[in-house]
Amino acid sequence: MSDPQVITFGCRLNSFESEIIKEHAQKATQNNKDDETIIFNTCAVTAEAQRQARQSIRRARRENPNARIIVTGCAAQVDADSFGNMEEVDLVLGNEEKLQAKAYDPAPFGLNESQKVLVNDIMSVTQTAPQLIDGFGERSRAFVQIQTGCDHRCTFCIIPFGRGNSRSVPAGEVIAQISRLVENGYKEVVLTGVDITSYGPDLPGNLTFGILVQKILTQVPNLKRLRISSIDSVEVDDPLLEAITSETRLMPHLHLSLQAGDNMILKRMKRRHLREHSIKFCNDMKATRPDIIFGADLIAGFPTETDAMFANTLALIDECDLTYLHIFPYSVRPGTPAARMPQVDGSTIKERAKILRQAGEQKLSAFLNSQIGKTCSALIETSQTARSQQFAPIKLNQTPHTIVPGTIADIKITGIQDQLLQGDLC
């Protein structure tokens with residue numbers, strides 16, 4: 001019997017949940033030596049993400065004709081019937097069901113062989129149970145879920161319908177899991193969720209994301225490095241600002257959910273910030289913590305976007321000094337308000353996305369070049385690679401046998417090759 005395969009699409013939260021899925025599936029299949037299971041943890045953020053998932057599922061069936069194929073994740077949640085109608089698929093699980101161990105039994109939840117879709121109403125879920133993991137397949141860093149779901153309704157986004165409303169994991173459970181991971185040797189932890197800056201209102205005690213971060217840093221003193229995943233800068237509170245600007249264990253790399261740099265487009269997206277807010281936030285952060293760098297999500301070709309509106313988004317890359325860009329060509333998500341707006345021509349969307357990516361590559365190259373000659377503290381990922389505090393990828397010039405993934409070492413940066421820093425262990 002081979003261990004169940006879990007193929008992950010999309011965000012860091014999916015990566016975290018795939019570890020939960022893998023544990024559950026291994027336990028469910030350990031007594032069945034004939035069971036070969038492949039699980040697809042899908043993403044629904046774009047139509048392309050769903051197309052890639054379907055393509056991967058069909059390929060998996062061709063290459064593994066006897067395997068049990070399970071499909072879950074956001075695409076399965078919002079489009080369950082279409083995945084259930086695929087002849088290659090044996091079982092479809094919703095986002096809530098996928099985290100339950102009994103879902104991976106040969107007859108999950110008592111379903112018979114003719115039933116293959118198990119997806120409940122995600123909006124009816126009011127709590128998020130803490131999911132505890134002692135270790136990860138990737139030994140260098142660990143992900144910890146603090147929240148899932150989203151209460152906002154951006155006009156382009158389908159994710160709230162895949163994840164439900166915002167639900168927070170109690171702070172004590174978060175801290176307990178991080179403590180366990182540190183005891184098991186992890187030096188770096190990434191806090192993840194769907195909308196992590198919305199953390200806390202559904203819990204007692206007036207908790208916020210900033211307060212949670214401060215609690216983690218105070219109550220887990222042996223944690224060497226803490227990272228936070230994508231945030232809405234307009235929702236950053238004073239405790240989080242204080243942690244970002246004064247706590248060196250909180251890594252100087254923030255990924256911002258900006259989406260656009262034009263105020264009219266931001267309003268039509270139903271975002272909660274204007275371009276001026278983004279620029280001020282980035283400038284303020286740079287002034288108080290000069291080593292900080294920013295990544296950002298940007299959408300090219302949102303409905304009604306004119307050339308002038310696009311130019312404002314392009315200019316935002318320089319005005320916010322953005323280094324790592326995730327560029328999304330606008331993708332119609334059926335059922336969202338943006339799908340009913342006047343659409344931009346597909347070729348224009350493609351060209352604008354290309355321009356944004358090129359601008360991002362130039363900014364990344366400039367940052368990487370600025371690191372040559374410097375010595376940085378980096379987390380060793382493999383015998384050949386590491387990540388700096390700003391999350392820059394580093395290829396090691398030498399690969400000593402004594403190097404251990406997950407350790408932290410000083411590296412002297414000597415050059416760049418293929419958008420990777422090169423360096424020597426000090």
# chains A, B, ... in the order shown; residues from 1 in each chain; ligands from 1
$ closest_atom_pairs --of "stretch 321-407 of chain A" --to "stretch 76-98 of chain A" --cutoff "12 Å" --atoms "only C-alpha atoms" --output "Markdown table"
| residue | atom | partner | partner_atom | distance |
| --- | --- | --- | --- | --- |
| A:Arg333 | CA | A:Val78 | CA | 10.5 |
| A:Pro334 | CA | A:Val78 | CA | 10.2 |
| A:Gly335 | CA | A:Val78 | CA | 10.4 |
$ atom_distance --atom1 "atom CA of A:Gln398" --atom2 "atom CA of A:Ala378"
15.0 Å
$ select_by_dssp --residues "stretch 228-305 of chain A" --states "alpha helix (DSSP H)" --output "MDAnalysis selection string"
chainID A and resid 238:246 263:269 275:288
$ atom_distance --atom1 "atom CA of A:Ala366" --atom2 "atom CA of A:Gln419"
10.3 Å
$ closest_residue --among "A:Asp202, A:Ile265, A:Leu368, A:Arg272" --to "A:Glu235" --atoms "only C-alpha atoms"
A:Arg272
$ residues_around --residues "A:Ile355" --least-positions-apart "2" --cutoff "12 Å" --atoms "only C-alpha atoms" --output "list in words"
Leu298, Ile299, Ala300, Gly301, Phe310, Ala311, Thr313, Leu314, Ala315, Ile317, Leu325, Ile327, Phe328, Pro329, Thr348, Ile349, Lys350, Glu351, Arg352, Ala353, Arg357, Gln358, Ala359, Gly360, Glu361 and Gln362 of chain A
$ atom_distance --atom1 "atom CA of A:Val117" --atom2 "atom CA of A:Arg54"
16.1 Å
$ closest_residue --among "A:Gln389, A:Thr72, A:Gln100, A:Asn369" --to "A:Ala28" --atoms "only C-alpha atoms"
A:Gln100
$ residues_around --residues "stretch 179-196 of chain A" --least-positions-apart "6" --cutoff "6 Å" --atoms "only C-alpha atoms" --output "count of residues only"
19
$ closest_residue --among "A:Thr37, A:Asn283, A:Thr245, A:Thr288" --to "A:Ile70" --atoms "only C-alpha atoms"
A:Thr37
$ residues_around --residues "A:Glu276" --least-positions-apart "4" --cutoff "12 Å" --atoms "only C-alpha atoms" --output "PyMOL selection string"
chain A and resi 233-234+258+260-263+266+272+280-283+312-313+316+319-320
$ decode --residues "stretch 177-315 of chain A" --atoms "C-alpha atoms" --output "PDB file, in the first residue's frame"
ATOM      1  CA  GLN A 177       0.007  24.324  18.694  1.00  0.00           C
ATOM      2  CA  ILE A 178       2.896  26.725  18.084  1.00  0.00           C
ATOM      3  CA  SER A 179       4.482  25.614  21.365  1.00  0.00           C
ATOM      4  CA  ARG A 180       4.255  21.971  20.256  1.00  0.00           C
ATOM      5  CA  LEU A 181       5.795  22.762  16.890  1.00  0.00           C
ATOM      6  CA  VAL A 182       8.671  24.641  18.525  1.00  0.00           C
ATOM      7  CA  GLU A 183       9.241  21.698  20.880  1.00  0.00           C
ATOM      8  CA  ASN A 184       9.399  19.480  17.784  1.00  0.00           C
ATOM      9  CA  GLY A 185      12.184  21.590  16.325  1.00  0.00           C
ATOM     10  CA  TYR A 186      10.477  24.145  14.107  1.00  0.00           C
ATOM     11  CA  LYS A 187      12.191  27.535  14.053  1.00  0.00           C
ATOM     12  CA  GLU A 188       9.680  29.314  11.804  1.00  0.00           C
ATOM     13  CA  VAL A 189       5.885  29.411  11.911  1.00  0.00           C
ATOM     14  CA  VAL A 190       3.519  31.039   9.423  1.00  0.00           C
ATOM     15  CA  LEU A 191       0.102  32.232  10.610  1.00  0.00           C
ATOM     16  CA  THR A 192      -2.469  31.555   7.944  1.00  0.00           C
ATOM     17  CA  GLY A 193      -6.182  31.922   7.226  1.00  0.00           C
ATOM     18  CA  VAL A 194      -8.561  33.405   4.688  1.00  0.00           C
ATOM     19  CA  ASP A 195      -8.795  36.905   6.203  1.00  0.00           C
ATOM     20  CA  ILE A 196      -6.449  36.889   9.180  1.00  0.00           C
ATOM     21  CA  THR A 197      -6.790  40.572  10.053  1.00  0.00           C
ATOM     22  CA  SER A 198     -10.466  39.850  10.827  1.00  0.00           C
ATOM     23  CA  TYR A 199      -9.378  37.528  13.646  1.00  0.00           C
ATOM     24  CA  GLY A 200     -11.101  37.737  17.011  1.00  0.00           C
ATOM     25  CA  PRO A 201     -14.575  39.354  17.049  1.00  0.00           C
ATOM     26  CA  ASP A 202     -16.304  35.963  17.274  1.00  0.00           C
ATOM     27  CA  LEU A 203     -14.250  35.045  20.367  1.00  0.00           C
ATOM     28  CA  PRO A 204     -14.618  36.298  23.946  1.00  0.00           C
ATOM     29  CA  GLY A 205     -12.147  38.795  25.341  1.00  0.00           C
ATOM     30  CA  ASN A 206     -11.931  41.527  22.682  1.00  0.00           C
ATOM     31  CA  LEU A 207      -9.169  39.722  20.816  1.00  0.00           C
ATOM     32  CA  THR A 208      -7.691  41.097  17.603  1.00  0.00           C
ATOM     33  CA  PHE A 209      -5.075  39.746  15.240  1.00  0.00           C
ATOM     34  CA  GLY A 210      -2.514  42.188  16.614  1.00  0.00           C
ATOM     35  CA  ILE A 211      -3.180  41.048  20.175  1.00  0.00           C
ATOM     36  CA  LEU A 212      -2.849  37.416  19.089  1.00  0.00           C
ATOM     37  CA  VAL A 213       0.529  38.117  17.470  1.00  0.00           C
ATOM     38  CA  GLN A 214       1.781  39.810  20.636  1.00  0.00           C
ATOM     39  CA  LYS A 215       0.542  36.894  22.760  1.00  0.00           C
ATOM     40  CA  ILE A 216       2.382  34.400  20.559  1.00  0.00           C
ATOM     41  CA  LEU A 217       5.645  36.323  20.723  1.00  0.00           C
ATOM     42  CA  THR A 218       5.354  36.718  24.502  1.00  0.00           C
ATOM     43  CA  GLN A 219       4.144  33.241  25.409  1.00  0.00           C
ATOM     44  CA  VAL A 220       6.338  31.260  23.008  1.00  0.00           C
ATOM     45  CA  PRO A 221       9.734  32.877  23.660  1.00  0.00           C
ATOM     46  CA  ASN A 222      11.654  30.035  21.973  1.00  0.00           C
ATOM     47  CA  LEU A 223       9.979  30.667  18.615  1.00  0.00           C
ATOM     48  CA  LYS A 224      12.733  32.131  16.452  1.00  0.00           C
ATOM     49  CA  ARG A 225      10.750  33.436  13.479  1.00  0.00           C
ATOM     50  CA  LEU A 226       7.071  34.312  13.000  1.00  0.00           C
ATOM     51  CA  ARG A 227       5.547  35.132   9.629  1.00  0.00           C
ATOM     52  CA  ILE A 228       2.074  36.364   8.790  1.00  0.00           C
ATOM     53  CA  SER A 229       0.385  35.604   5.499  1.00  0.00           C
ATOM     54  CA  SER A 230      -1.717  37.963   3.398  1.00  0.00           C
ATOM     55  CA  ILE A 231      -3.303  40.885   5.266  1.00  0.00           C
ATOM     56  CA  ASP A 232      -5.594  43.808   4.593  1.00  0.00           C
ATOM     57  CA  SER A 233      -3.452  46.778   5.595  1.00  0.00           C
ATOM     58  CA  VAL A 234      -6.504  48.938   6.320  1.00  0.00           C
ATOM     59  CA  GLU A 235      -7.451  46.502   9.110  1.00  0.00           C
ATOM     60  CA  VAL A 236      -4.047  46.548  10.836  1.00  0.00           C
ATOM     61  CA  ASP A 237      -4.522  47.643  14.448  1.00  0.00           C
ATOM     62  CA  ASP A 238      -2.100  49.352  16.852  1.00  0.00           C
ATOM     63  CA  PRO A 239      -0.891  46.115  18.544  1.00  0.00           C
ATOM     64  CA  LEU A 240       0.003  44.649  15.156  1.00  0.00           C
ATOM     65  CA  LEU A 241       1.735  47.860  14.085  1.00  0.00           C
ATOM     66  CA  GLU A 242       3.754  47.775  17.286  1.00  0.00           C
ATOM     67  CA  ALA A 243       4.754  44.148  16.713  1.00  0.00           C
ATOM     68  CA  ILE A 244       5.729  44.732  13.080  1.00  0.00           C
ATOM     69  CA  THR A 245       7.873  47.743  13.838  1.00  0.00           C
ATOM     70  CA  SER A 246       9.534  46.626  17.077  1.00  0.00           C
ATOM     71  CA  GLU A 247       9.723  42.817  17.184  1.00  0.00           C
ATOM     72  CA  THR A 248      12.644  41.375  15.235  1.00  0.00           C
ATOM     73  CA  ARG A 249      11.255  37.838  15.479  1.00  0.00           C
ATOM     74  CA  LEU A 250       8.333  38.967  13.301  1.00  0.00           C
ATOM     75  CA  MET A 251       9.779  38.723   9.819  1.00  0.00           C
ATOM     76  CA  PRO A 252      10.080  41.941   7.743  1.00  0.00           C
ATOM     77  CA  HIS A 253       7.915  40.712   4.874  1.00  0.00           C
ATOM     78  CA  LEU A 254       4.229  41.557   4.494  1.00  0.00           C
ATOM     79  CA  HIS A 255       1.968  40.375   1.710  1.00  0.00           C
ATOM     80  CA  LEU A 256      -0.820  42.889   1.143  1.00  0.00           C
ATOM     81  CA  SER A 257      -4.244  42.278  -0.361  1.00  0.00           C
ATOM     82  CA  LEU A 258      -4.304  45.445  -2.508  1.00  0.00           C
ATOM     83  CA  GLN A 259      -6.001  44.172  -5.715  1.00  0.00           C
ATOM     84  CA  ALA A 260      -5.894  47.535  -7.517  1.00  0.00           C
ATOM     85  CA  GLY A 261      -4.420  51.016  -7.417  1.00  0.00           C
ATOM     86  CA  ASP A 262      -7.337  53.012  -8.804  1.00  0.00           C
ATOM     87  CA  ASN A 263      -9.936  54.366  -6.399  1.00  0.00           C
ATOM     88  CA  MET A 264     -12.925  53.880  -8.699  1.00  0.00           C
ATOM     89  CA  ILE A 265     -11.957  50.276  -9.350  1.00  0.00           C
ATOM     90  CA  LEU A 266     -11.411  49.720  -5.616  1.00  0.00           C
ATOM     91  CA  LYS A 267     -14.918  51.046  -4.933  1.00  0.00           C
ATOM     92  CA  ARG A 268     -16.392  48.812  -7.629  1.00  0.00           C
ATOM     93  CA  MET A 269     -14.507  45.897  -6.091  1.00  0.00           C
ATOM     94  CA  LYS A 270     -16.100  46.859  -2.745  1.00  0.00           C
ATOM     95  CA  ARG A 271     -12.703  47.003  -1.124  1.00  0.00           C
ATOM     96  CA  ARG A 272     -12.269  48.794   2.208  1.00  0.00           C
ATOM     97  CA  HIS A 273      -9.316  50.991   1.287  1.00  0.00           C
ATOM     98  CA  LEU A 274      -8.226  53.608  -1.241  1.00  0.00           C
ATOM     99  CA  ARG A 275      -4.872  53.847  -2.990  1.00  0.00           C
ATOM    100  CA  GLU A 276      -3.827  56.632  -0.608  1.00  0.00           C
ATOM    101  CA  HIS A 277      -4.280  54.275   2.354  1.00  0.00           C
ATOM    102  CA  SER A 278      -1.997  51.682   0.763  1.00  0.00           C
ATOM    103  CA  ILE A 279       0.720  54.201  -0.037  1.00  0.00           C
ATOM    104  CA  LYS A 280       0.637  55.710   3.444  1.00  0.00           C
ATOM    105  CA  PHE A 281       0.763  52.310   5.115  1.00  0.00           C
ATOM    106  CA  CYS A 282       3.793  51.193   3.112  1.00  0.00           C
ATOM    107  CA  ASN A 283       5.619  54.493   3.632  1.00  0.00           C
ATOM    108  CA  ASP A 284       4.917  54.438   7.375  1.00  0.00           C
ATOM    109  CA  MET A 285       6.172  50.864   7.671  1.00  0.00           C
ATOM    110  CA  LYS A 286       9.351  51.664   5.741  1.00  0.00           C
ATOM    111  CA  ALA A 287       9.992  54.692   7.937  1.00  0.00           C
ATOM    112  CA  THR A 288       9.792  52.672  11.154  1.00  0.00           C
ATOM    113  CA  ARG A 289      11.303  49.403   9.882  1.00  0.00           C
ATOM    114  CA  PRO A 290      13.573  50.085   6.909  1.00  0.00           C
ATOM    115  CA  ASP A 291      14.301  46.414   6.193  1.00  0.00           C
ATOM    116  CA  ILE A 292      10.657  45.555   5.525  1.00  0.00           C
ATOM    117  CA  ILE A 293       9.519  44.597   2.029  1.00  0.00           C
ATOM    118  CA  PHE A 294       6.069  44.058   0.572  1.00  0.00           C
ATOM    119  CA  GLY A 295       4.327  41.601  -1.655  1.00  0.00           C
ATOM    120  CA  ALA A 296       0.864  42.201  -3.051  1.00  0.00           C
ATOM    121  CA  ASP A 297      -2.059  40.707  -4.943  1.00  0.00           C
ATOM    122  CA  LEU A 298      -3.099  42.738  -7.987  1.00  0.00           C
ATOM    123  CA  ILE A 299      -5.915  42.040 -10.443  1.00  0.00           C
ATOM    124  CA  ALA A 300      -5.493  43.015 -14.094  1.00  0.00           C
ATOM    125  CA  GLY A 301      -8.529  43.911 -16.180  1.00  0.00           C
ATOM    126  CA  PHE A 302     -11.270  44.176 -13.578  1.00  0.00           C
ATOM    127  CA  PRO A 303     -14.598  45.061 -15.255  1.00  0.00           C
ATOM    128  CA  THR A 304     -14.794  48.712 -16.407  1.00  0.00           C
ATOM    129  CA  GLU A 305     -11.021  49.197 -15.995  1.00  0.00           C
ATOM    130  CA  THR A 306      -9.817  51.861 -18.463  1.00  0.00           C
ATOM    131  CA  ASP A 307      -6.248  52.508 -19.556  1.00  0.00           C
ATOM    132  CA  ALA A 308      -6.013  55.364 -17.057  1.00  0.00           C
ATOM    133  CA  MET A 309      -7.322  53.186 -14.232  1.00  0.00           C
ATOM    134  CA  PHE A 310      -4.820  50.487 -15.128  1.00  0.00           C
ATOM    135  CA  ALA A 311      -2.036  53.078 -15.137  1.00  0.00           C
ATOM    136  CA  ASN A 312      -2.885  53.880 -11.515  1.00  0.00           C
ATOM    137  CA  THR A 313      -2.478  50.233 -10.559  1.00  0.00           C
ATOM    138  CA  LEU A 314       0.822  50.046 -12.429  1.00  0.00           C
ATOM    139  CA  ALA A 315       2.062  53.192 -10.661  1.00  0.00           C
TER     140      ALA A 315
END
